[in-house]
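**Student:** Please find final07.cif (mmCIF, C-alpha atoms, pLDDT in the B column; chains and numbers go by the auth columns) on the next line:
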```cif
data_start
loop_
_atom_site.group_PDB
_atom_site.id
_atom_site.type_symbol
_atom_site.label_atom_id
_atom_site.label_comp_id
_atom_site.label_asym_id
_atom_site.label_seq_id
_atom_site.Cartn_x
_atom_site.Cartn_y
_atom_site.Cartn_z
_atom_site.B_iso_or_equiv
_atom_site.auth_seq_id
_atom_site.auth_asym_id
ATOM 1 C CA MET A 1 66.794 166.115 -138.388 64.00 1 A
ATOM 2 C CA GLU A 2 64.382 163.358 -139.423 89.00 2 A
ATOM 3 C CA LEU A 3 64.596 160.034 -137.602 91.00 3 A
ATOM 4 C CA THR A 4 65.636 158.106 -140.714 91.00 4 A
ATOM 5 C CA GLU A 5 68.440 160.581 -141.413 93.00 5 A
ATOM 6 C CA LEU A 6 69.552 160.435 -137.772 94.00 6 A
ATOM 7 C CA ILE A 7 69.641 156.625 -137.756 94.00 7 A
ATOM 8 C CA TYR A 8 71.618 156.559 -140.987 93.00 8 A
ATOM 9 C CA SER A 9 74.191 159.055 -139.693 93.00 9 A
ATOM 10 C CA LEU A 10 74.594 157.116 -136.437 95.00 10 A
ATOM 11 C CA HIS A 11 74.888 153.870 -138.357 94.00 11 A
ATOM 12 C CA LYS A 12 77.916 155.242 -140.199 92.00 12 A
ATOM 13 C CA GLN A 13 79.654 155.547 -136.814 91.00 13 A
ATOM 14 C CA GLY A 14 78.786 152.080 -135.564 93.00 14 A
ATOM 15 C CA LEU A 15 75.127 151.963 -134.545 96.00 15 A
ATOM 16 C CA GLY A 16 74.873 148.549 -136.201 95.00 16 A
ATOM 17 C CA GLU A 17 77.192 147.067 -133.576 94.00 17 A
ATOM 18 C CA HIS A 18 74.615 147.557 -130.810 96.00 18 A
ATOM 19 C CA LEU A 19 71.247 146.075 -129.919 97.00 19 A
ATOM 20 C CA ILE A 20 68.179 148.112 -130.846 97.00 20 A
ATOM 21 C CA LEU A 21 64.850 147.751 -129.027 96.00 21 A
ATOM 22 C CA HIS A 22 61.984 148.569 -131.368 94.00 22 A
ATOM 23 C CA LEU A 23 58.307 147.827 -131.887 91.00 23 A
ATOM 24 C CA ASN A 24 57.259 146.498 -135.289 87.00 24 A
ATOM 25 C CA LYS A 25 53.475 146.305 -135.656 85.00 25 A
ATOM 26 C CA GLY A 26 53.238 145.923 -131.890 85.00 26 A
ATOM 27 C CA GLN A 27 55.815 143.128 -131.739 90.00 27 A
ATOM 28 C CA PRO A 28 59.025 143.851 -129.791 93.00 28 A
ATOM 29 C CA LEU A 29 62.276 143.480 -131.705 94.00 29 A
ATOM 30 C CA LEU A 30 65.676 143.373 -130.037 96.00 30 A
ATOM 31 C CA SER A 31 68.402 142.892 -132.584 95.00 31 A
ATOM 32 C CA LYS A 32 71.122 144.651 -134.529 95.00 32 A
ATOM 33 C CA ILE A 33 70.463 146.632 -137.677 94.00 33 A
ATOM 34 C CA SER A 34 72.152 146.971 -141.021 93.00 34 A
ATOM 35 C CA TYR A 35 71.639 148.749 -144.304 90.00 35 A
ATOM 36 C CA ILE A 36 71.169 146.460 -147.305 87.00 36 A
ATOM 37 C CA LYS A 37 70.901 148.228 -150.653 83.00 37 A
ATOM 38 C CA GLY A 38 70.130 151.439 -148.821 82.00 38 A
ATOM 39 C CA ARG A 39 67.272 149.910 -146.824 88.00 39 A
ATOM 40 C CA LEU A 40 67.300 149.585 -143.042 88.00 40 A
ATOM 41 C CA THR A 41 66.841 145.981 -141.928 91.00 41 A
ATOM 42 C CA PHE A 42 66.846 144.139 -138.625 91.00 42 A
ATOM 43 C CA ASP A 43 68.932 141.006 -138.191 90.00 43 A
ATOM 44 C CA SER A 44 66.999 137.758 -138.165 87.00 44 A
ATOM 45 C CA LYS A 45 67.894 137.121 -134.516 90.00 45 A
ATOM 46 C CA ASN A 46 65.245 138.632 -132.237 93.00 46 A
ATOM 47 C CA HIS A 47 66.188 138.180 -128.571 93.00 47 A
ATOM 48 C CA LEU A 48 62.695 139.082 -127.358 94.00 48 A
ATOM 49 C CA SER A 49 60.521 137.166 -129.804 89.00 49 A
ATOM 50 C CA GLU A 50 58.386 135.678 -127.013 90.00 50 A
ATOM 51 C CA PHE A 51 57.663 139.015 -125.312 93.00 51 A
ATOM 52 C CA HIS A 52 54.700 141.350 -125.692 92.00 52 A
ATOM 53 C CA ALA A 53 54.998 145.122 -126.006 93.00 53 A
ATOM 54 C CA GLU A 54 53.242 145.694 -122.675 94.00 54 A
ATOM 55 C CA GLN A 55 55.933 143.710 -120.842 94.00 55 A
ATOM 56 C CA LEU A 56 58.639 146.061 -122.131 95.00 56 A
ATOM 57 C CA LYS A 57 56.765 149.291 -121.475 93.00 57 A
ATOM 58 C CA PRO A 58 59.064 150.234 -118.540 92.00 58 A
ATOM 59 C CA CYS A 59 61.996 150.466 -120.954 93.00 59 A
ATOM 60 C CA TRP A 60 60.294 153.365 -122.732 91.00 60 A
ATOM 61 C CA GLU A 61 58.738 154.955 -119.676 87.00 61 A
ATOM 62 C CA ASN A 62 61.446 154.972 -116.998 85.00 62 A
ATOM 63 C CA GLY A 63 64.477 153.041 -118.192 90.00 63 A
ATOM 64 C CA THR A 64 66.394 155.973 -119.709 91.00 64 A
ATOM 65 C CA LEU A 65 70.123 155.909 -118.896 93.00 65 A
ATOM 66 C CA GLY A 66 71.280 158.581 -121.319 93.00 66 A
ATOM 67 C CA MET A 67 71.759 158.891 -125.051 95.00 67 A
ATOM 68 C CA ILE A 68 74.112 158.257 -127.941 97.00 68 A
ATOM 69 C CA SER A 69 75.128 160.753 -130.602 96.00 69 A
ATOM 70 C CA ASN A 70 77.737 161.180 -133.296 94.00 70 A
ATOM 71 C CA SER A 71 81.277 161.897 -132.117 86.00 71 A
ATOM 72 C CA ILE A 72 81.595 165.334 -133.675 79.00 72 A
ATOM 73 C CA GLY A 73 84.139 167.384 -131.732 77.00 73 A
ATOM 74 C CA HIS A 74 85.480 164.462 -129.678 78.00 74 A
ATOM 75 C CA GLU A 75 88.789 162.611 -129.893 82.00 75 A
ATOM 76 C CA TRP A 76 87.187 159.151 -130.037 85.00 76 A
ATOM 77 C CA GLU A 77 85.841 157.847 -133.342 83.00 77 A
ATOM 78 C CA SER A 78 82.964 155.802 -131.958 90.00 78 A
ATOM 79 C CA LEU A 79 79.519 157.035 -131.080 95.00 79 A
ATOM 80 C CA THR A 80 79.385 159.204 -127.957 96.00 80 A
ATOM 81 C CA PHE A 81 77.397 158.277 -124.860 96.00 81 A
ATOM 82 C CA HIS A 82 75.985 161.107 -122.728 95.00 82 A
ATOM 83 C CA GLY A 83 74.794 160.470 -119.183 93.00 83 A
ATOM 84 C CA LEU A 84 71.359 161.593 -118.076 90.00 84 A
ATOM 85 C CA GLU A 85 72.513 164.948 -116.688 90.00 85 A
ATOM 86 C CA HIS A 86 73.530 165.991 -120.205 91.00 86 A
ATOM 87 C CA CYS A 87 70.125 165.153 -121.738 91.00 87 A
ATOM 88 C CA GLN A 88 67.211 167.540 -122.210 88.00 88 A
ATOM 89 C CA LEU A 89 64.524 164.927 -121.700 70.00 89 A
ATOM 90 C CA PRO A 90 63.569 164.650 -118.024 60.00 90 A
ATOM 91 C CA ALA A 91 63.523 161.003 -117.025 51.00 91 A
ATOM 92 C CA ASP A 92 60.663 159.668 -114.941 55.00 92 A
ATOM 93 C CA LEU A 93 62.781 157.858 -112.381 55.00 93 A
ATOM 94 C CA SER A 94 61.941 156.774 -108.884 54.00 94 A
ATOM 95 C CA ALA A 95 64.146 158.079 -106.075 55.00 95 A
ATOM 96 C CA THR A 96 65.612 154.589 -105.648 54.00 96 A
ATOM 97 C CA ARG A 97 66.488 154.220 -109.325 62.00 97 A
ATOM 98 C CA HIS A 98 67.913 157.736 -109.563 64.00 98 A
ATOM 99 C CA GLY A 99 70.031 157.007 -106.509 66.00 99 A
ATOM 100 C CA ALA A 100 71.368 153.874 -108.169 70.00 100 A
ATOM 101 C CA MET A 101 72.357 155.883 -111.236 73.00 101 A
ATOM 102 C CA VAL A 102 74.098 158.548 -109.166 78.00 102 A
ATOM 103 C CA ALA A 103 76.010 155.834 -107.308 82.00 103 A
ATOM 104 C CA ALA A 104 77.035 154.018 -110.505 89.00 104 A
ATOM 105 C CA GLU A 105 80.708 154.559 -111.296 88.00 105 A
ATOM 106 C CA ASN A 106 83.777 152.634 -112.399 87.00 106 A
ATOM 107 C CA GLU A 107 87.207 152.124 -110.866 84.00 107 A
ATOM 108 C CA TYR A 108 88.519 155.266 -112.574 85.00 108 A
ATOM 109 C CA GLY A 109 85.905 157.504 -110.961 87.00 109 A
ATOM 110 C CA ASP A 110 83.692 157.922 -114.052 89.00 110 A
ATOM 111 C CA LYS A 111 80.073 158.397 -112.980 93.00 111 A
ATOM 112 C CA LEU A 112 77.218 157.191 -115.139 93.00 112 A
ATOM 113 C CA ILE A 113 74.934 160.124 -114.371 92.00 113 A
ATOM 114 C CA ASP A 114 77.279 162.736 -115.908 92.00 114 A
ATOM 115 C CA PHE A 115 79.415 160.556 -118.183 94.00 115 A
ATOM 116 C CA VAL A 116 80.496 161.776 -121.620 94.00 116 A
ATOM 117 C CA GLY A 117 82.720 159.454 -123.609 93.00 117 A
ATOM 118 C CA SER A 118 82.852 156.677 -126.173 93.00 118 A
ATOM 119 C CA VAL A 119 79.815 154.414 -126.341 95.00 119 A
ATOM 120 C CA TYR A 120 82.025 151.420 -125.540 95.00 120 A
ATOM 121 C CA ARG A 121 83.294 152.912 -122.270 93.00 121 A
ATOM 122 C CA GLY A 122 79.794 154.100 -121.433 95.00 122 A
ATOM 123 C CA PHE A 123 78.241 150.686 -122.031 96.00 123 A
ATOM 124 C CA GLN A 124 81.011 149.012 -120.033 95.00 124 A
ATOM 125 C CA LEU A 125 80.267 151.375 -117.156 95.00 125 A
ATOM 126 C CA MET A 126 76.611 150.377 -117.305 95.00 126 A
ATOM 127 C CA LEU A 127 77.314 146.650 -117.423 95.00 127 A
ATOM 128 C CA ASP A 128 79.680 146.958 -114.455 94.00 128 A
ATOM 129 C CA ASN A 129 76.850 148.528 -112.453 94.00 129 A
ATOM 130 C CA ASN A 130 74.172 145.963 -113.375 93.00 130 A
ATOM 131 C CA PHE A 131 72.437 147.996 -116.060 95.00 131 A
ATOM 132 C CA LEU A 132 71.772 146.398 -119.447 97.00 132 A
ATOM 133 C CA PRO A 133 71.966 149.077 -122.162 97.00 133 A
ATOM 134 C CA VAL A 134 70.034 148.859 -125.420 97.00 134 A
ATOM 135 C CA ILE A 135 69.123 151.647 -127.830 98.00 135 A
ATOM 136 C CA LEU A 136 65.654 152.964 -128.689 96.00 136 A
ATOM 137 C CA PHE A 137 64.620 154.570 -131.963 95.00 137 A
ATOM 138 C CA LYS A 138 63.517 157.550 -129.869 93.00 138 A
ATOM 139 C CA PRO A 139 65.216 160.911 -130.505 94.00 139 A
ATOM 140 C CA ILE A 140 66.558 162.980 -127.655 93.00 140 A
ATOM 141 C CA LYS A 141 68.723 166.092 -127.407 94.00 141 A
ATOM 142 C CA THR A 142 71.726 167.014 -125.321 93.00 142 A
ATOM 143 C CA MET A 143 71.701 170.229 -123.313 92.00 143 A
ATOM 144 C CA SER A 144 73.714 171.791 -126.132 91.00 144 A
ATOM 145 C CA GLY A 145 71.097 170.793 -128.717 91.00 145 A
ATOM 146 C CA GLU A 146 72.787 167.789 -130.330 92.00 146 A
ATOM 147 C CA THR A 147 70.308 165.123 -131.433 95.00 147 A
ATOM 148 C CA GLY A 148 70.759 161.432 -130.727 96.00 148 A
ATOM 149 C CA LEU A 149 68.908 158.308 -129.596 97.00 149 A
ATOM 150 C CA ILE A 150 67.902 157.201 -126.112 95.00 150 A
ATOM 151 C CA VAL A 151 69.806 154.429 -124.344 96.00 151 A
ATOM 152 C CA THR A 152 67.548 152.505 -121.982 95.00 152 A
ATOM 153 C CA ASP A 153 68.057 149.829 -119.352 95.00 153 A
ATOM 154 C CA LEU A 154 66.524 146.555 -120.507 96.00 154 A
ATOM 155 C CA ARG A 155 66.461 145.405 -116.890 95.00 155 A
ATOM 156 C CA ALA A 156 63.754 147.983 -116.218 93.00 156 A
ATOM 157 C CA ALA A 157 61.390 145.346 -117.642 94.00 157 A
ATOM 158 C CA PRO A 158 60.876 142.089 -115.726 94.00 158 A
ATOM 159 C CA MET A 159 62.350 139.071 -117.472 94.00 159 A
ATOM 160 C CA ALA A 160 63.973 135.739 -116.721 94.00 160 A
ATOM 161 C CA ILE A 161 67.588 135.684 -115.544 95.00 161 A
ATOM 162 C CA SER A 162 68.452 133.375 -118.444 94.00 162 A
ATOM 163 C CA THR A 163 67.221 136.002 -120.928 95.00 163 A
ATOM 164 C CA ILE A 164 69.148 138.747 -119.158 96.00 164 A
ATOM 165 C CA ARG A 165 72.338 136.667 -119.245 96.00 165 A
ATOM 166 C CA THR A 166 71.983 135.936 -122.950 95.00 166 A
ATOM 167 C CA ILE A 167 71.477 139.595 -123.858 97.00 167 A
ATOM 168 C CA HIS A 168 74.201 140.684 -121.414 97.00 168 A
ATOM 169 C CA ASP A 169 76.665 138.430 -123.263 96.00 169 A
ATOM 170 C CA VAL A 170 75.655 139.917 -126.618 95.00 170 A
ATOM 171 C CA VAL A 171 76.167 143.478 -125.341 96.00 171 A
ATOM 172 C CA ARG A 172 79.485 142.638 -123.701 95.00 172 A
ATOM 173 C CA THR A 173 80.787 140.913 -126.839 93.00 173 A
ATOM 174 C CA SER A 174 79.862 143.964 -128.933 91.00 174 A
ATOM 175 C CA ILE A 175 82.056 146.257 -126.834 91.00 175 A
ATOM 176 C CA GLU A 176 84.892 144.207 -125.333 86.00 176 A
ATOM 177 C CA ASP A 177 87.062 144.178 -128.470 76.00 177 A
ATOM 178 C CA LYS A 178 86.714 147.954 -128.821 79.00 178 A
ATOM 179 C CA LEU A 179 87.831 148.957 -125.358 75.00 179 A
ATOM 180 C CA VAL A 180 91.353 150.335 -125.045 57.00 180 A
ATOM 181 C CA ILE A 181 92.898 150.956 -121.646 50.00 181 A
ATOM 182 C CA GLU A 182 95.188 153.937 -121.820 47.00 182 A
ATOM 183 C CA ILE A 183 98.255 154.254 -119.604 43.00 183 A
ATOM 184 C CA ASP A 184 96.662 157.195 -117.799 47.00 184 A
ATOM 185 C CA ASP A 185 93.593 155.049 -117.061 49.00 185 A
ATOM 186 C CA ALA A 186 95.764 152.325 -115.562 49.00 186 A
ATOM 187 C CA ASP A 187 97.157 154.867 -113.067 53.00 187 A
ATOM 188 C CA LEU A 188 100.637 153.327 -113.014 52.00 188 A
ATOM 189 C CA ASN A 189 103.665 155.055 -111.587 54.00 189 A
ATOM 190 C CA THR A 190 106.993 154.942 -113.426 54.00 190 A
ATOM 191 C CA ALA A 191 108.379 151.999 -111.459 58.00 191 A
ATOM 192 C CA GLU A 192 105.227 149.920 -111.960 55.00 192 A
ATOM 193 C CA PHE A 193 105.239 150.677 -115.681 50.00 193 A
ATOM 194 C CA GLU A 194 108.886 149.592 -115.967 58.00 194 A
ATOM 195 C CA ASN A 195 108.229 146.343 -114.103 59.00 195 A
ATOM 196 C CA LEU A 196 105.235 145.465 -116.266 54.00 196 A
ATOM 197 C CA PHE A 197 106.386 146.606 -119.690 54.00 197 A
ATOM 198 C CA GLY A 198 110.109 147.198 -119.495 55.00 198 A
ATOM 199 C CA GLY A 199 110.977 143.817 -121.001 53.00 199 A
ATOM 200 C CA PHE A 200 109.050 144.637 -124.145 53.00 200 A
ATOM 201 C CA MET A 201 110.756 147.968 -124.751 51.00 201 A
ATOM 202 C CA GLU A 202 114.148 148.626 -126.249 49.00 202 A
ATOM 203 C CA LYS A 203 116.645 150.033 -123.780 44.00 203 A
#
```
Can the structure in the file be given as structure tokens, please?

**Tutor:**
Amino acid sequence: MELTELIYSLHKQGLGEHLILHLNKGQPLLSKISYIKGRLTFDSKNHLSEFHAEQLKPCWENGTLGMISNSIGHEWESLTFHGLEHCQLPADLSATRHGAMVAAENEYGDKLIDFVGSVYRGFQLMLDNNFLPVILFKPIKTMSGETGLIVTDLRAAPMAISTIRTIHDVVRTSIEDKLVIEIDDADLNTAEFENLFGGFMEK
């Protein structure tokens, strides 16, 4: 699958909701994308307009957190995030960084390293563990051969805390309205459920 075709197919499932890190004539771009009259365009807001490509090199070289792909064969309708263990591309990670990824998990026991689920839950998992996920226009395959795009950690590159906070807020805003906590995720017993929600249900 050609890159343009891949991007278009992912865009139909919500790629435009997420920040893309890209180089345009050597200038870093970090913004959302859209299709206008069939042409791929970047939003006017570039969160890294004052950066040089060399400063962001770690994001391409050793920031890989996993990948996104279309949700074919899954119950969720959003893009799918696959943790690093499900990706064919070997990541060049230091022992310390790999250890941090293995240790990264959420309160429900989902681990980042082998996560497979909706992009919103995956990105939330990353934010909760101090990673800052953005997407690269760099193809990658799952172990089963499905093609997608790399998700990298923007914090792999050194930058001011104020910049990190601004981009963190953009990423969080893009996912927080999409997250749905299921009853099974909440791990409530029958009595707890009745106490919390009984008043809203017809007897």

**Student:** Give me the residues near range 165-182 of chain A as a ChimeraX atom specification, where near means some atom within 8 Å (using all atoms listed in the file) and where sequence neighbours in that chain fewer than 6 positions away do not count.

**Tutor:** /A:17-19,47,120-121,123-124,127,132-133

**Student:** May I have the selected residues written with C-alpha atoms, as a PDB file, keeping the file's coordinate frame?

**Tutor:**
```pdb
ATOM      1  CA  GLU A  17      77.192 147.067-133.576  1.00 94.00           C
ATOM      2  CA  HIS A  18      74.615 147.557-130.810  1.00 96.00           C
ATOM      3  CA  LEU A  19      71.247 146.075-129.919  1.00 97.00           C
ATOM      4  CA  HIS A  47      66.188 138.180-128.571  1.00 93.00           C
ATOM      5  CA  TYR A 120      82.025 151.420-125.540  1.00 95.00           C
ATOM      6  CA  ARG A 121      83.294 152.912-122.270  1.00 93.00           C
ATOM      7  CA  PHE A 123      78.241 150.686-122.031  1.00 96.00           C
ATOM      8  CA  GLN A 124      81.011 149.012-120.033  1.00 95.00           C
ATOM      9  CA  LEU A 127      77.314 146.650-117.423  1.00 95.00           C
ATOM     10  CA  LEU A 132      71.772 146.398-119.447  1.00 97.00           C
ATOM     11  CA  PRO A 133      71.966 149.077-122.162  1.00 97.00           C
TER      12      PRO A 133
END
```

**Student:** Using the chain letters and numbers from the file, give me the residues hit by the PyMOL selection byres ((chain A and resi 78) around 8), as a ChimeraX atom specification.

**Tutor:** /A:13-14,70-71,76-77,79-80,118-120

**Student:** Can you list, as a list in words, the residues that the PyMOL selection byres ((chain A and resi 49-59) around 7) selects here?

**Tutor:**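 The output of the PyMOL selection byres ((chain A and resi 49-59) around 7) on this file is Gly26, Gln27, Pro28, Leu29, Asn46, His47, Leu48, Trp60, Glu61, Asn62, Gly63, Thr152, Asp153, Leu154, Ala156 and Ala157 of chain A.
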
**Student:** Just to confirm, what's the straight-line distance from CA of Phe81 in chain A to CA of Tyr8 in chain A in Å (one decimal)?

**Tutor:**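 So the answer is 17.2 Å.
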
**Student:** Residues proximal to (78.5, 162.9, -126.2) were defined as those with any atom within 12 Å of that point in the file's coordinates, counting only C-alpha atoms. Which are they, as a PyMOL selection string?

**Tutor:** chain A and resi 66-87+114-119+121-122+141-149

**Student:** Write out as an mmCIF file with C-alpha atoms, in the coordinates of the input which residues come within 10 Å of Ile20 in chain A when counting all atoms listed in the file, dropping same-chain ones fewer than 5 positions away.

**Tutor:**
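Full text of result-v2.cif as output:
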```
data_model
loop_
_atom_site.group_PDB
_atom_site.id
_atom_site.type_symbol
_atom_site.label_atom_id
_atom_site.label_comp_id
_atom_site.auth_asym_id
_atom_site.auth_seq_id
_atom_site.Cartn_x
_atom_site.Cartn_y
_atom_site.Cartn_z
ATOM 1 C CA LEU A 15 75.127 151.963 -134.545
ATOM 2 C CA LEU A 29 62.276 143.480 -131.705
ATOM 3 C CA LEU A 30 65.676 143.373 -130.037
ATOM 4 C CA SER A 31 68.402 142.892 -132.584
ATOM 5 C CA LYS A 32 71.122 144.651 -134.529
ATOM 6 C CA ILE A 33 70.463 146.632 -137.677
ATOM 7 C CA PHE A 42 66.846 144.139 -138.625
ATOM 8 C CA PRO A 133 71.966 149.077 -122.162
ATOM 9 C CA VAL A 134 70.034 148.859 -125.420
ATOM 10 C CA ILE A 135 69.123 151.647 -127.830
ATOM 11 C CA LEU A 136 65.654 152.964 -128.689
ATOM 12 C CA PHE A 137 64.620 154.570 -131.963
ATOM 13 C CA VAL A 151 69.806 154.429 -124.344
ATOM 14 C CA THR A 152 67.548 152.505 -121.982
#
```

**Student:** Have a look at CA of Arg39 in chain A and CA of Gly16 in chain A and let me know their distance in Å, one decimal.

**Tutor:**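 Computing it gives 13.1 Å between the two atoms.
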
**Student:** As an exercise, work out the distance from CA of Asn106 in chain A to CA of Leu65 in chain A in Å and give it to one decimal place.

**Tutor:**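 According to the coordinates, CA of Asn106 in chain A and CA of Leu65 in chain A are separated by 15.5 Å.
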
**Student:** I need the output of the PyMOL selection byres ((chain A and resi 5) around 12) for this file as an NGL selection string; which residues are they?

**Tutor:** :A and (1-4 or 6-12 or 38 or 40 or 137 or 139 or 147-148)

**Student:** Please produce an output containing C-alpha atoms for each residue in the selection, written as a compact mmCIF listing (two decimals), in the coordinates of the input.

**Tutor:**
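This went into result.txt:
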```
# COMPACT_ATOMS: atom_id res chain seq x y z
CA MET A 1 66.79 166.12 -138.39
CA GLU A 2 64.38 163.36 -139.42
CA LEU A 3 64.60 160.03 -137.60
CA THR A 4 65.64 158.11 -140.71
CA LEU A 6 69.55 160.44 -137.77
CA ILE A 7 69.64 156.62 -137.76
CA TYR A 8 71.62 156.56 -140.99
CA SER A 9 74.19 159.06 -139.69
CA LEU A 10 74.59 157.12 -136.44
CA HIS A 11 74.89 153.87 -138.36
CA LYS A 12 77.92 155.24 -140.20
CA GLY A 38 70.13 151.44 -148.82
CA LEU A 40 67.30 149.58 -143.04
CA PHE A 137 64.62 154.57 -131.96
CA PRO A 139 65.22 160.91 -130.50
CA THR A 147 70.31 165.12 -131.43
CA GLY A 148 70.76 161.43 -130.73
```

**Student:** List every protein, DNA or RNA residue with an atom no more than 7 Å from (83.0, 151.0, -111.0) in the file's coordinates, counting only C-alpha atoms, and format the result as a list in words.

**Tutor:**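 Residues with an atom at most 7 Å from (83.0, 151.0, -111.0): Ala104, Glu105, Asn106, Glu107, Leu125, Asp128 and Asn129 of chain A.
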